[in-house]
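Undergrad: Okay, here's the structure, questions in a sec.
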Amino acid sequence: MTLTITRSGRRPAHTPPPARWRSRKVQGWLYAAPTAVIVGVLFLAPLVLVVWMSLNRWPLLGPATFNAPANYLKIADNPLFIDAVLFTLKYTAITTVLLSAVALGLALLVQDRRPGIGFFRTAFFLPGAVGFAAAGLLFYGMLNNDFGPIDPMLQALGITDEPVKWIGTPNMALFSTITLVIWRFAGFNMLILLTGLQAIPAEVYEAAKSDGANRWQIFTRITMPLLRPTMALMLILSVTGSLLAFDQFFVFTNGGPDNSTVSMVMVVYRDAFFRFDLGGAAALSVVLLAALIGLNALMMRRLR
Amino acid sequence: MTRYVTLSALAVLFLFPLVWSGYASLEEPSNYLEMARFGEGVGTYATNSVLVSVMTVAGTLAVSALGGYGFARFDFPGKNLLFLATLAILMVPYATILIPLYVLLGYLGLQNSLVGLALVFVMFQLPFALFMMRNAFEALPRELEEAALVDGCGTFRAFTRILLRAVRPALITVGLFAFLASWNDFFAPLILLNDGSSFTLPVAVVNMTQQTFGAIDYGMLQSGVMVMAIPCLILFIVLQRHYVRGFMSGALRG
């Protein structure tokens with residue numbers, strides 16, 4: 001391998017690139033090859049396949065036949081899906097507001113380094129390490145009228161007279177699920193906000209204090225505006241996560257009572273594996289994907 | 001002082017469910033014995049979960065370390081496109097990709113296979129993992145690598161002997177995220193595994209509640225919850241520092 005430098009300092013026009021440089025290109029590809037294979041085979045290929053499936057009558061077993069656009073047209077006639085869209089939107093709105101409020105409260109409480117604060121941060125985050133399915137089963141037992149401790153405790157405190165139907169009515173099922181979600185995810189969102197809070201320079205606070213600002217003014221005029229990008233990120237994650245909710249409803253309420261807590265993704269799952277209609281499920285997923293990308297683009301534009 | 005009172009009250013609220021579940025699972029020591037005999041035996045499901053998690057962690061570490069090094073130190077055609085395609089995984093809903101994956105893994109002979117499931121988990125981990133590893137390799141001083149190359153090492157030897165050791169914290173972070181995700185995930189195994197003997201813990205234990213409707217053994221259920229939760233709680237407490245760092249540097253900007 002020799003490096004030729006011409007008088008003018010430029011390489012002659014037809015000299016190929018040095019061998020070492022070319023081999024680095026090949027090497028780079030070799031290092032990236034496993035990534036390319038995984039992304040190509042397990043992400044891009046299924047992405048193409050789901051669109052193709054949505055254009056076919058595609059039963060769980062047996063051959064597929066082209067039937068576009070039947071799978072898309074029948075979405076409008078799927079009353080379970082329409083109800084699920086409305087329910088999921090309602091769930092997303094309530095969850096996002098409550099979760100953000102709780103996470104912000106927690107983040108403000110633990111933002112300063114004080115003795116023992118590490119323990120509290122860990123305590124608030126710890127539920128996040130537990131799997132969502134396990135958390136759902138935990139609440140399923142904890143809120144059970146005969147077995148769980150919550151009803152006896154509430155009755156002993158005189159708050160309720162009789163066992164509460166925690167997942168027995170549509171509203172209570174929604175309320176209980178949101179409680180579960182806040183328990184599981186508040187610490188996660190607190191951590192997101194904490195990164196934003198700690199990025200605010202101490203001098204800004206000191207300057208505000210020396211200008212005579214009170215705590216409320218500091219919060220509304222300094223903390224909140226400077227936290228905006230982080231809040232935006234948390235909102236996007238929370239909205240996206242809630243719109244795609246599945247585990248919490250499948251495990252904890254099982255869609256009940258009377259299909260009142262069936263989320264959009266649950267309908268996709270039911271169409272595919274209970275009604276054996278993979279084509280219909282694929283069409284729903286394509287619609288979901290398009291809606292989500294549109295919504296994300298919209299949120300990023302409005303919030304940033 | 002009031003701050004500590006508030007904090008303590010909240011900590012009790014957040015920790016209570018975990019403490020109760022542990023207590024309820026131990027109330028009848030036979031809970032764990034019954035759990036052990038449930039279905040194919042909890043040992044089978046736990047083994048499946050361990051196998052999938054180990055394969056996922058190993059696969060994610062291997063693919064993202066190689067890829068991260070490639071992306072940090074080499075230029076090659078299609079580099080940016082591949083990176084964007086990897087990050088795009090974050091944009092696509094889980095359900096959208098799992099339905100065709102169910103069909104695709106069938107074509108590949110990997111339906112109902114723990115290997116297939118682990119490969120899917122590796123794919124889902126890649127955006128975060130690749131981003132973390134690329135940043136970790138970029139942060140290393142170039143001299144570290146050049147010294148090794150001058151000593152006559154090829155880039156691969158420099159990579160395995162020297163650079164991997166230098167990015168160990170990032171590897172721990174990536175491994176921890178991969179473990180928590182694959183151990184806890186419910187939706188992917190629910191769709192991709194259809195034979196009871198290949199179920200992972202979350203699917204098996206949830207099945208337990210939905211099959212035996214009306215006659216659920218709640219104590220046994222909580223022992224199932226504990227079997228699933230305890231490894232994660234321990235790992236999280238021990239490796240918390242790495243989790244938070246990964247969170248600050250990768251998870252957010254990724």
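In the structure tokens, each chain is lettered A, B, ... as it comes, each chain's residues begin at 1, and ligands are numbered from 1 in order of appearance.
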Would you kindly return, as a PDB file with C-alpha atoms, in the first residue's frame, each protein, DNA or RNA residue with an atom no farther than 8 Å from any atom of Phe186 of chain B, considering only C-alpha atoms and excluding same-chain residues fewer than 5 positions away?

TA:
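Result saved to result_8.pdb:
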```
ATOM      1  CA  PHE A 132     -46.960  -5.038  32.344  1.00  0.00           C
ATOM      2  CA  ALA A 133     -48.570  -8.479  32.327  1.00  0.00           C
ATOM      3  CA  ASP A 247     -51.649  -5.663  27.730  1.00  0.00           C
TER       4      ASP A 247
ATOM      5  CA  PRO B 202     -46.130 -13.930  31.172  1.00  0.00           C
ATOM      6  CA  VAL B 203     -48.241 -15.817  28.623  1.00  0.00           C
TER       7      VAL B 203
END
```

Undergrad: According to DSSP computed on the backbone, where in segment 53-257 of chain A is there alpha helix (DSSP H)? Give the residues as a ChimeraX atom specification.

TA: /A:53-54,70-73,79-110,117-125,132-142,150-156,170-198,202-210,215-217,224-243,247

Undergrad: If the cut-off is 6 Å, can you tell me the residues of chain B near chain A, counting only C-alpha atoms? I'd like them as JSON, numbers by chain.

TA: {"B": [11, 63, 66, 67, 70, 74, 75, 76, 96, 100, 101, 184, 225, 229, 232]}

Undergrad: Could you name the residues that touch Ala188 of chain B at 9 Å or less, counting only C-alpha atoms, but leaving out those on the same chain fewer than 6 positions away, as a ChimeraX atom specification?

TA: /B:94-95,98,117,120-121

Undergrad: Keeping N, CA and C atoms, export the residues of the selection given above as a PDB file, in the first residue's frame.

TA:
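Written file, out.pdb:
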```pdb
ATOM      1  N   TYR B  94     -46.591  -1.924  17.439  1.00  0.00           N
ATOM      2  CA  TYR B  94     -46.294  -3.330  17.702  1.00  0.00           C
ATOM      3  C   TYR B  94     -47.203  -4.261  16.897  1.00  0.00           C
ATOM      4  N   ALA B  95     -48.507  -4.019  16.962  1.00  0.00           N
ATOM      5  CA  ALA B  95     -49.459  -4.920  16.315  1.00  0.00           C
ATOM      6  C   ALA B  95     -49.259  -4.937  14.809  1.00  0.00           C
ATOM      7  N   LEU B  98     -46.362  -7.257  14.127  1.00  0.00           N
ATOM      8  CA  LEU B  98     -46.408  -8.638  14.627  1.00  0.00           C
ATOM      9  C   LEU B  98     -47.321  -9.539  13.794  1.00  0.00           C
ATOM     10  N   LEU B 117     -38.799 -15.869  18.272  1.00  0.00           N
ATOM     11  CA  LEU B 117     -39.236 -14.829  19.194  1.00  0.00           C
ATOM     12  C   LEU B 117     -38.068 -13.945  19.610  1.00  0.00           C
ATOM     13  N   VAL B 120     -37.112 -11.551  16.945  1.00  0.00           N
ATOM     14  CA  VAL B 120     -38.050 -10.425  16.892  1.00  0.00           C
ATOM     15  C   VAL B 120     -37.727  -9.414  17.990  1.00  0.00           C
ATOM     16  N   PHE B 121     -37.405  -9.910  19.189  1.00  0.00           N
ATOM     17  CA  PHE B 121     -37.029  -8.995  20.279  1.00  0.00           C
ATOM     18  C   PHE B 121     -35.760  -8.225  19.929  1.00  0.00           C
TER      19      PHE B 121
END
```

Undergrad: Go through B:Val167, B:Ala204, B:Leu149, B:Leu130 and flag the residue nearest Thr44 of chain B, using only C-alpha atoms for the distances.

TA: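 Closest to Thr44 of chain B, using only C-alpha atoms: B:Ala204.
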
Undergrad: Pick the closest to Ser238 of chain A from A:Val181, A:Val164, A:Leu174, A:Leu298: which is it, counting only C-alpha atoms?

TA: A:Val181

Undergrad: Could you list, as a list in words, every residue within 10 Å of Gly106 of chain B, counting only C-alpha atoms and ignoring same-chain residues fewer than 6 positions away?

TA: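 The contact residues come out as Pro100, Asn112, Ser113, Gly116 and Leu192 of chain B.
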
Undergrad: For the atom pair atom CA of Phe177 of chain B and atom CA of Phe185 of chain A, what is the interatomic distance in Å to one decimal place?

TA: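 Atom CA of Phe185 of chain A lies at a distance of 15.7 Å from atom CA of Phe177 of chain B.
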
Undergrad: Rank nothing, just name the residue among A:Arg221, A:Leu193, A:Arg57, A:Ala291 nearest to Met91 of chain B, using only C-alpha atoms.

TA: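 Nearest candidate to Met91 of chain B out of A:Arg221, A:Leu193, A:Arg57, A:Ala291: A:Ala291.
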